Amino acid sequence: MSHDDVGLRAVMRSVAFLTAGALAVPTLAACSSEDESGKPLAAQDIAPVARDLVADGGTLRWAVDDVPETLNAFQSDADDATTRVAQAVLPAMFRLDAQGRPQRDADYLESAKVVDTSPKQVVLYKLDQQAVWSDGREIGAADFAAQWRALSGKDSAYWTARNAGYDRIEKIERGANNLEVKVTFSRPYADWKSLFSPLYPKDVMGTPDAFNDGARSKLKVTAGAFALQKVDRKDKEIVLARNPHWWGRPAKLSQIVLAAVPLDKRAAALADGTVDLAAVDPADASRIALAGRAKGTGTPLQGASASATGDTESKDENKGESPKEKKKLSKKERKALAKYLRQQDELRAFTVRRSFEPAYTQLALNGSEGPLADERVRRAVARALDREALAKVVLTPLGLPAVPVGSHLALSGQAAYADNSGALGDHDTAEAQALLTDAGWVLGGAVKDKGEKAAGAEGKKGKKDDESEGGSDGQYIVGEDNKDPQDHTDKHGHGDEGSKRLADGKQYDGRKVKQGGAPGAYAPKGTAAPAGAMTGTLAKDGKPLTLRFVLPSGTGSESLSAVADSISRMLEKVGIRTEITKVSDDSYFKDHIASGQYDLALYSWPASAFPATDARPIFAKPVPAADGSLNVEQNYTRVGTDQVDQLFDQAASTLDEDESAALVRKADARIWAAAGSIPLYQRPQLTAARKTIVNAGSFGFQTPVYEDMGFLKKGAKASASPSSGS
């Protein structure tokens, strides 16, 4: 998960990012009302200790999803591993603290401020006099200028993913001396602190060839606490070594190895020592917690151990029967169980550190066609949802506060945060039903032959909608009497951030949760309908109100399935049926979300501290392109308004920080009212860490401080960092 400016810009360029959840470095200072922005829902959990308690030396093996395709964070295929490398080896002018607020990085920057606003905005950077690249050259105006020219969008030879902010720069020049850089903007830019983080050397940004190809697999010149030692695609790892020329606090670790380990292989990798630190899903988090309680506590593992070792004469104290009287395990099963128990023994050396990712999961409503093109129907869907109950489905089992997200543009603790959900209204089944009636949906209305299409948006299928990895996951309609959802469970037994970040890796929301769905999501045939549920069918123009609900089916998608089941039951209460379809991870965004072939979908967005810049493409009103198609940018709900666009533009051009934050909040209220997407809950962040690792784990908002990470000195004790907060 990226936690600084690299992340959002890097990942937003790829469809995969949509399920991921990166965060840009925020630029907004404290807003006028601390009560509105609040504080993070959960504190970071990193076992913090003072540097003098961290051992000198050692290698930290840290799991990533894959070796990155590029080390250039400004290319479209940059990913979370790209971000980690950039954070450790390259300069950044600003980084996030634990409150999600920007802080000047004093190792590179003595000061940075707006020194003129008329006739043009001018920002003066004063660099640290010790800040040099690894080749001995001073970091200076030439590097700033090369990065601006590469990212300005004026030269199409540079294969850049996005140019936001850099396209507003008019010129960059040397100040009074070599340590000063003057940046003049052609028009005011509130989010100027988002720029030059990371900063690449002019060797990378100076020519299209160097930008496009030179920095994909190597970085010859760096300037961080660590240096890039090796990118090993054969062994699937990146080696970062302590930089002997670093002028700041020396790195405690000798090396950091970023090892590519798939999410579903991480428990095994932790157990066998392949990695020391890894983001894990809830299932593996539970497994690690169980391992920590297992020794000498009479857990079920002891009985399992007897079976694994062939002790068939011992009696089961709970059942009063010997294993002989039960079905005997096969040789293969005994071997697998013995391996599992060995792993559990090794996992006792680990703990799970819990916080929230700087990202949230939302319900997206496709407003381009079908019933959801009517704002009243979208608002009815939103009013039918009990968002607190949905948050509890995912967060309560993890011991995290189940607080619904109140903003599309920031998270609690960030300067721009305010709960603007009141612009849409609270959970109200009666009001949802009234909105549907007003939109012309009639209870018990005539429905044409079932062979005809339902009212949902029409799909243009390349591959079958129900085609998933290895086969079909099937479809079922919630609310149709002759359909039983239990008959169509995932044939693979998994329902992922699945991915790497929120999807992608493939994180769609996330990580695994216990199977079985949300309480009440499924009920045996013949069970009475939930209290208040409508017993008839809403119809209009001969079509029933059925919405296509598309979900990913890959590893780690169980939490999304559980949330979707709960949503479907809530919608059923107001007469809306949902046709749930599970598709492969590879197909999810490309063939469904990005192409608009869905009515309802669940995926996640990062919370940026530069919402006027970074969130605008996500909520901008779609406009016709020159070829007649619709340009939606990253607005996959296809719902937008001119007023929201204007508020974003005003916020981005307003240098008064309080006023800019107020404009962002107004934009968020309008986004809520349009009901194109409904924020549900902040994504959980679960990190398995060897118990001796300190100053690392679930960072929450904070940019990791790589030079302080390490292993606890013998005899020292780490602070107990809270896993949640109010």
# chains A, B, ... in the order shown; residues from 1 in each chain; ligands from 1
>>> residues_around(residues="Lys182 of chain A", least_positions_apart="3", cutoff="6 Å", atoms="only C-alpha atoms", output="ChimeraX atom specification")
/A:123-124,172-173,175
>>> select_by_dssp(residues="segment 43-148 of chain A", states="alpha helix (DSSP H)", output="list in words")
Asp80, Ala81, Thr82, Thr83, Arg84, Val85, Ala86, Gln87, Ala88, Val89, Ala141, Ala142, Asp143, Phe144, Ala145, Ala146, Gln147 and Trp148 of chain A
>>> write_last_selection(atoms="all heavy atoms", output="short mmCIF file (atom, residue, chain, number, x, y, z; two decimals), in the first residue's frame")
data_model
loop_
_atom_site.label_atom_id
_atom_site.label_comp_id
_atom_site.auth_asym_id
_atom_site.auth_seq_id
_atom_site.Cartn_x
_atom_site.Cartn_y
_atom_site.Cartn_z
N ASP A 80 2.37 -0.76 -6.36
CA ASP A 80 2.72 -0.52 -4.97
C ASP A 80 4.18 -0.79 -4.68
O ASP A 80 4.81 -0.10 -3.87
CB ASP A 80 1.83 -1.40 -4.08
CG ASP A 80 2.03 -1.13 -2.61
OD1 ASP A 80 1.87 0.04 -2.20
OD2 ASP A 80 2.35 -2.07 -1.87
N ALA A 81 4.76 -1.80 -5.32
CA ALA A 81 6.18 -2.09 -5.12
C ALA A 81 7.04 -0.96 -5.68
O ALA A 81 8.09 -0.61 -5.12
CB ALA A 81 6.55 -3.42 -5.76
N THR A 82 6.61 -0.37 -6.80
CA THR A 82 7.30 0.80 -7.35
C THR A 82 7.34 1.90 -6.30
O THR A 82 8.38 2.56 -6.09
CB THR A 82 6.58 1.32 -8.60
OG1 THR A 82 6.37 0.27 -9.53
CG2 THR A 82 7.38 2.44 -9.25
N THR A 83 6.22 2.11 -5.64
CA THR A 83 6.12 3.14 -4.62
C THR A 83 7.07 2.87 -3.46
O THR A 83 7.74 3.78 -2.97
CB THR A 83 4.67 3.21 -4.10
OG1 THR A 83 3.82 3.62 -5.15
CG2 THR A 83 4.55 4.19 -2.94
N ARG A 84 7.13 1.62 -3.00
CA ARG A 84 8.01 1.31 -1.87
C ARG A 84 9.46 1.60 -2.20
O ARG A 84 10.20 2.14 -1.38
CB ARG A 84 7.84 -0.16 -1.47
CG ARG A 84 6.77 -0.30 -0.42
CD ARG A 84 6.74 -1.69 0.16
NE ARG A 84 5.36 -1.98 0.51
CZ ARG A 84 4.88 -3.17 0.75
NH1 ARG A 84 5.67 -4.22 0.68
NH2 ARG A 84 3.63 -3.33 1.07
N VAL A 85 9.87 1.24 -3.40
CA VAL A 85 11.25 1.52 -3.80
C VAL A 85 11.49 3.02 -3.83
O VAL A 85 12.49 3.52 -3.30
CB VAL A 85 11.54 0.89 -5.18
CG1 VAL A 85 12.93 1.33 -5.68
CG2 VAL A 85 11.48 -0.64 -5.10
N ALA A 86 10.58 3.76 -4.44
CA ALA A 86 10.74 5.21 -4.55
C ALA A 86 10.79 5.86 -3.17
O ALA A 86 11.60 6.78 -2.93
CB ALA A 86 9.60 5.80 -5.37
N GLN A 87 9.96 5.41 -2.24
CA GLN A 87 9.97 5.97 -0.89
C GLN A 87 11.31 5.78 -0.19
O GLN A 87 11.75 6.64 0.56
CB GLN A 87 8.87 5.32 -0.05
CG GLN A 87 7.46 5.73 -0.42
CD GLN A 87 6.42 4.92 0.33
OE1 GLN A 87 6.71 3.81 0.79
NE2 GLN A 87 5.23 5.44 0.45
N ALA A 88 11.95 4.66 -0.46
CA ALA A 88 13.19 4.33 0.25
C ALA A 88 14.43 4.93 -0.38
O ALA A 88 15.42 5.19 0.33
CB ALA A 88 13.35 2.81 0.31
N VAL A 89 14.41 5.18 -1.69
CA VAL A 89 15.66 5.55 -2.37
C VAL A 89 15.63 6.92 -3.03
O VAL A 89 16.67 7.38 -3.53
CB VAL A 89 16.05 4.49 -3.42
CG1 VAL A 89 16.06 3.10 -2.82
CG2 VAL A 89 15.15 4.53 -4.65
N ALA A 141 17.82 22.80 -9.02
CA ALA A 141 16.82 23.28 -9.96
C ALA A 141 16.78 22.47 -11.25
O ALA A 141 15.72 22.30 -11.86
CB ALA A 141 17.07 24.75 -10.27
N ALA A 142 17.93 21.95 -11.68
CA ALA A 142 17.96 21.19 -12.92
C ALA A 142 17.09 19.93 -12.83
O ALA A 142 16.45 19.53 -13.81
CB ALA A 142 19.40 20.81 -13.27
N ASP A 143 17.06 19.32 -11.64
CA ASP A 143 16.24 18.13 -11.45
C ASP A 143 14.75 18.49 -11.43
O ASP A 143 13.92 17.80 -12.03
CB ASP A 143 16.62 17.44 -10.14
CG ASP A 143 18.10 17.06 -10.11
OD1 ASP A 143 18.51 16.24 -10.93
OD2 ASP A 143 18.81 17.61 -9.26
N PHE A 144 14.41 19.58 -10.75
CA PHE A 144 13.03 20.05 -10.72
C PHE A 144 12.55 20.38 -12.13
O PHE A 144 11.44 20.02 -12.54
CB PHE A 144 12.91 21.29 -9.83
CG PHE A 144 12.87 21.01 -8.36
CD1 PHE A 144 13.99 20.53 -7.68
CD2 PHE A 144 11.72 21.22 -7.62
CE1 PHE A 144 13.96 20.28 -6.32
CE2 PHE A 144 11.67 20.97 -6.26
CZ PHE A 144 12.81 20.49 -5.60
N ALA A 145 13.38 21.08 -12.89
CA ALA A 145 13.00 21.50 -14.24
C ALA A 145 12.83 20.30 -15.17
O ALA A 145 11.90 20.26 -15.99
CB ALA A 145 14.04 22.47 -14.80
N ALA A 146 13.73 19.32 -15.06
CA ALA A 146 13.62 18.13 -15.92
C ALA A 146 12.34 17.37 -15.63
O ALA A 146 11.65 16.89 -16.55
CB ALA A 146 14.84 17.23 -15.72
N GLN A 147 11.99 17.25 -14.35
CA GLN A 147 10.76 16.55 -14.00
C GLN A 147 9.53 17.31 -14.49
O GLN A 147 8.57 16.71 -14.98
CB GLN A 147 10.68 16.32 -12.49
CG GLN A 147 9.48 15.48 -12.06
CD GLN A 147 9.75 14.68 -10.80
OE1 GLN A 147 10.81 14.06 -10.66
NE2 GLN A 147 8.81 14.67 -9.89
N TRP A 148 9.54 18.62 -14.36
CA TRP A 148 8.42 19.43 -14.86
C TRP A 148 8.25 19.24 -16.37
O TRP A 148 7.14 19.01 -16.84
CB TRP A 148 8.68 20.90 -14.53
CG TRP A 148 7.92 21.86 -15.40
CD1 TRP A 148 6.57 21.85 -15.65
CD2 TRP A 148 8.46 22.94 -16.16
NE1 TRP A 148 6.24 22.88 -16.52
CE2 TRP A 148 7.38 23.56 -16.83
CE3 TRP A 148 9.74 23.46 -16.31
CZ2 TRP A 148 7.56 24.67 -17.67
CZ3 TRP A 148 9.92 24.57 -17.13
CH2 TRP A 148 8.84 25.16 -17.81
#
>>> closest_residue(among="A:Ala260, A:Ala432, A:Val132, A:Val639", to="Gly575 of chain A", atoms="only C-alpha atoms")
A:Ala432
>>> atom_distance(atom1="atom CA of Val694 of chain A", atom2="atom CA of Glu707 of chain A")
11.5 Å
>>> closest_residue(among="A:Ala278, A:Ala675, A:Phe619, A:Ala190", to="Asp374 of chain A", atoms="only C-alpha atoms")
A:Ala675
>>> residues_around(residues="segment 679-686 of chain A", least_positions_apart="3", cutoff="9 Å", atoms="only C-alpha atoms", output="number ranges by chain")
A: 21, 41, 278-282, 285, 352-364, 387-388, 390-392, 394-395, 398, 400, 402-408, 411, 502, 509-511, 604, 697-700
>>> closest_residue(among="A:Ser677, A:Gln343, A:Gln229, A:Asn695", to="Ala267 of chain A", atoms="only C-alpha atoms")
A:Gln343
>>> atom_distance(atom1="atom CA of Val442 of chain A", atom2="atom CA of Lys540 of chain A")
6.3 Å
>>> residues_around(residues="Met93 of chain A", least_positions_apart="5", cutoff="10 Å", atoms="only C-alpha atoms", output="PDB file with C-alpha atoms, in the first residue's frame")
ATOM      1  CA  ASP A   5       2.333  11.016  -3.397  1.00  0.00           C
ATOM      2  CA  VAL A  25       0.647  13.180   0.296  1.00  0.00           C
ATOM      3  CA  PRO A 102       1.762  16.645   5.216  1.00  0.00           C
ATOM      4  CA  GLN A 103       5.129  17.238   6.791  1.00  0.00           C
ATOM      5  CA  ARG A 104       8.194  18.751   5.167  1.00  0.00           C
ATOM      6  CA  ASP A 105      10.931  16.164   4.807  1.00  0.00           C
ATOM      7  CA  ALA A 106      13.777  17.917   6.577  1.00  0.00           C
ATOM      8  CA  ASP A 107      16.394  15.614   5.046  1.00  0.00           C
ATOM      9  CA  TYR A 108      15.801  17.299   1.686  1.00  0.00           C
ATOM     10  CA  LEU A 109      13.970  20.518   2.367  1.00  0.00           C
ATOM     11  CA  GLU A 110      14.778  23.382   4.735  1.00  0.00           C
ATOM     12  CA  SER A 111      11.620  25.224   3.744  1.00  0.00           C
ATOM     13  CA  ALA A 112       8.987  25.539   1.010  1.00  0.00           C
ATOM     14  CA  TYR A 125      12.050  25.704  -2.226  1.00  0.00           C
ATOM     15  CA  LEU A 127      17.002  22.582  -0.183  1.00  0.00           C
ATOM     16  CA  LYS A 193       2.742  20.387  -2.245  1.00  0.00           C
ATOM     17  CA  SER A 194       1.796  17.305  -4.232  1.00  0.00           C
ATOM     18  CA  LEU A 195       4.581  17.995  -6.735  1.00  0.00           C
ATOM     19  CA  PHE A 196       8.154  16.650  -6.770  1.00  0.00           C
ATOM     20  CA  SER A 197       7.352  13.736  -4.475  1.00  0.00           C
ATOM     21  CA  PRO A 198       9.136  11.624  -5.471  1.00  0.00           C
ATOM     22  CA  LEU A 199      11.790  13.633  -7.259  1.00  0.00           C
TER      23      LEU A 199
END
>>> residues_around(residues="Thr537 of chain A", least_positions_apart="5", cutoff="8 Å", atoms="only C-alpha atoms", output="PDB file with N, CA, C and O atoms, in the first residue's frame")
ATOM      1  N   VAL A 442     -44.024   0.290  -9.920  1.00  0.00           N
ATOM      2  CA  VAL A 442     -45.303  -0.073  -9.323  1.00  0.00           C
ATOM      3  C   VAL A 442     -45.243  -1.466  -8.717  1.00  0.00           C
ATOM      4  O   VAL A 442     -44.795  -2.423  -9.370  1.00  0.00           O
ATOM      5  N   LEU A 443     -45.683  -1.590  -7.476  1.00  0.00           N
ATOM      6  CA  LEU A 443     -45.735  -2.886  -6.814  1.00  0.00           C
ATOM      7  C   LEU A 443     -46.801  -3.750  -7.475  1.00  0.00           C
ATOM      8  O   LEU A 443     -47.952  -3.336  -7.625  1.00  0.00           O
ATOM      9  N   GLY A 444     -46.391  -4.945  -7.916  1.00  0.00           N
ATOM     10  CA  GLY A 444     -47.334  -5.852  -8.554  1.00  0.00           C
ATOM     11  C   GLY A 444     -47.650  -5.488  -9.984  1.00  0.00           C
ATOM     12  O   GLY A 444     -48.627  -5.979 -10.558  1.00  0.00           O
ATOM     13  N   GLY A 445     -46.831  -4.604 -10.578  1.00  0.00           N
ATOM     14  CA  GLY A 445     -47.068  -4.215 -11.965  1.00  0.00           C
ATOM     15  C   GLY A 445     -46.876  -5.371 -12.921  1.00  0.00           C
ATOM     16  O   GLY A 445     -46.218  -6.367 -12.620  1.00  0.00           O
ATOM     17  N   PRO A 544     -39.370  -6.049 -14.602  1.00  0.00           N
ATOM     18  CA  PRO A 544     -39.166  -6.028 -13.148  1.00  0.00           C
ATOM     19  C   PRO A 544     -37.925  -5.206 -12.808  1.00  0.00           C
ATOM     20  O   PRO A 544     -37.011  -5.064 -13.623  1.00  0.00           O
ATOM     21  N   LEU A 545     -37.900  -4.661 -11.604  1.00  0.00           N
ATOM     22  CA  LEU A 545     -36.742  -3.879 -11.162  1.00  0.00           C
ATOM     23  C   LEU A 545     -35.675  -4.829 -10.627  1.00  0.00           C
ATOM     24  O   LEU A 545     -35.646  -5.188  -9.451  1.00  0.00           O
ATOM     25  N   GLY A 575     -38.152  -3.789  -2.478  1.00  0.00           N
ATOM     26  CA  GLY A 575     -38.687  -4.293  -3.737  1.00  0.00           C
ATOM     27  C   GLY A 575     -37.705  -4.360  -4.891  1.00  0.00           C
ATOM     28  O   GLY A 575     -38.102  -4.594  -6.029  1.00  0.00           O
ATOM     29  N   ILE A 576     -36.413  -4.147  -4.616  1.00  0.00           N
ATOM     30  CA  ILE A 576     -35.400  -4.204  -5.671  1.00  0.00           C
ATOM     31  C   ILE A 576     -34.729  -5.569  -5.647  1.00  0.00           C
ATOM     32  O   ILE A 576     -34.181  -5.978  -4.625  1.00  0.00           O
TER      33      ILE A 576
END
>>> select_by_dssp(residues="segment 610-667 of chain A", states="strand (DSSP E)", output="list in words")
Val623, Pro624, Leu630 and Asn631 of chain A
>>> residues_around(residues="Phe350 of chain A", least_positions_apart="2", cutoff="12 Å", atoms="only C-alpha atoms", output="PyMOL selection string")
chain A and resi 267+269-273+275-278+280+284-293+343-348+352-353+687-693+697
>>> closest_residue(among="A:Asp428, A:Asp97, A:Asp203, A:Glu558", to="Leu571 of chain A", atoms="only C-alpha atoms")
A:Asp428
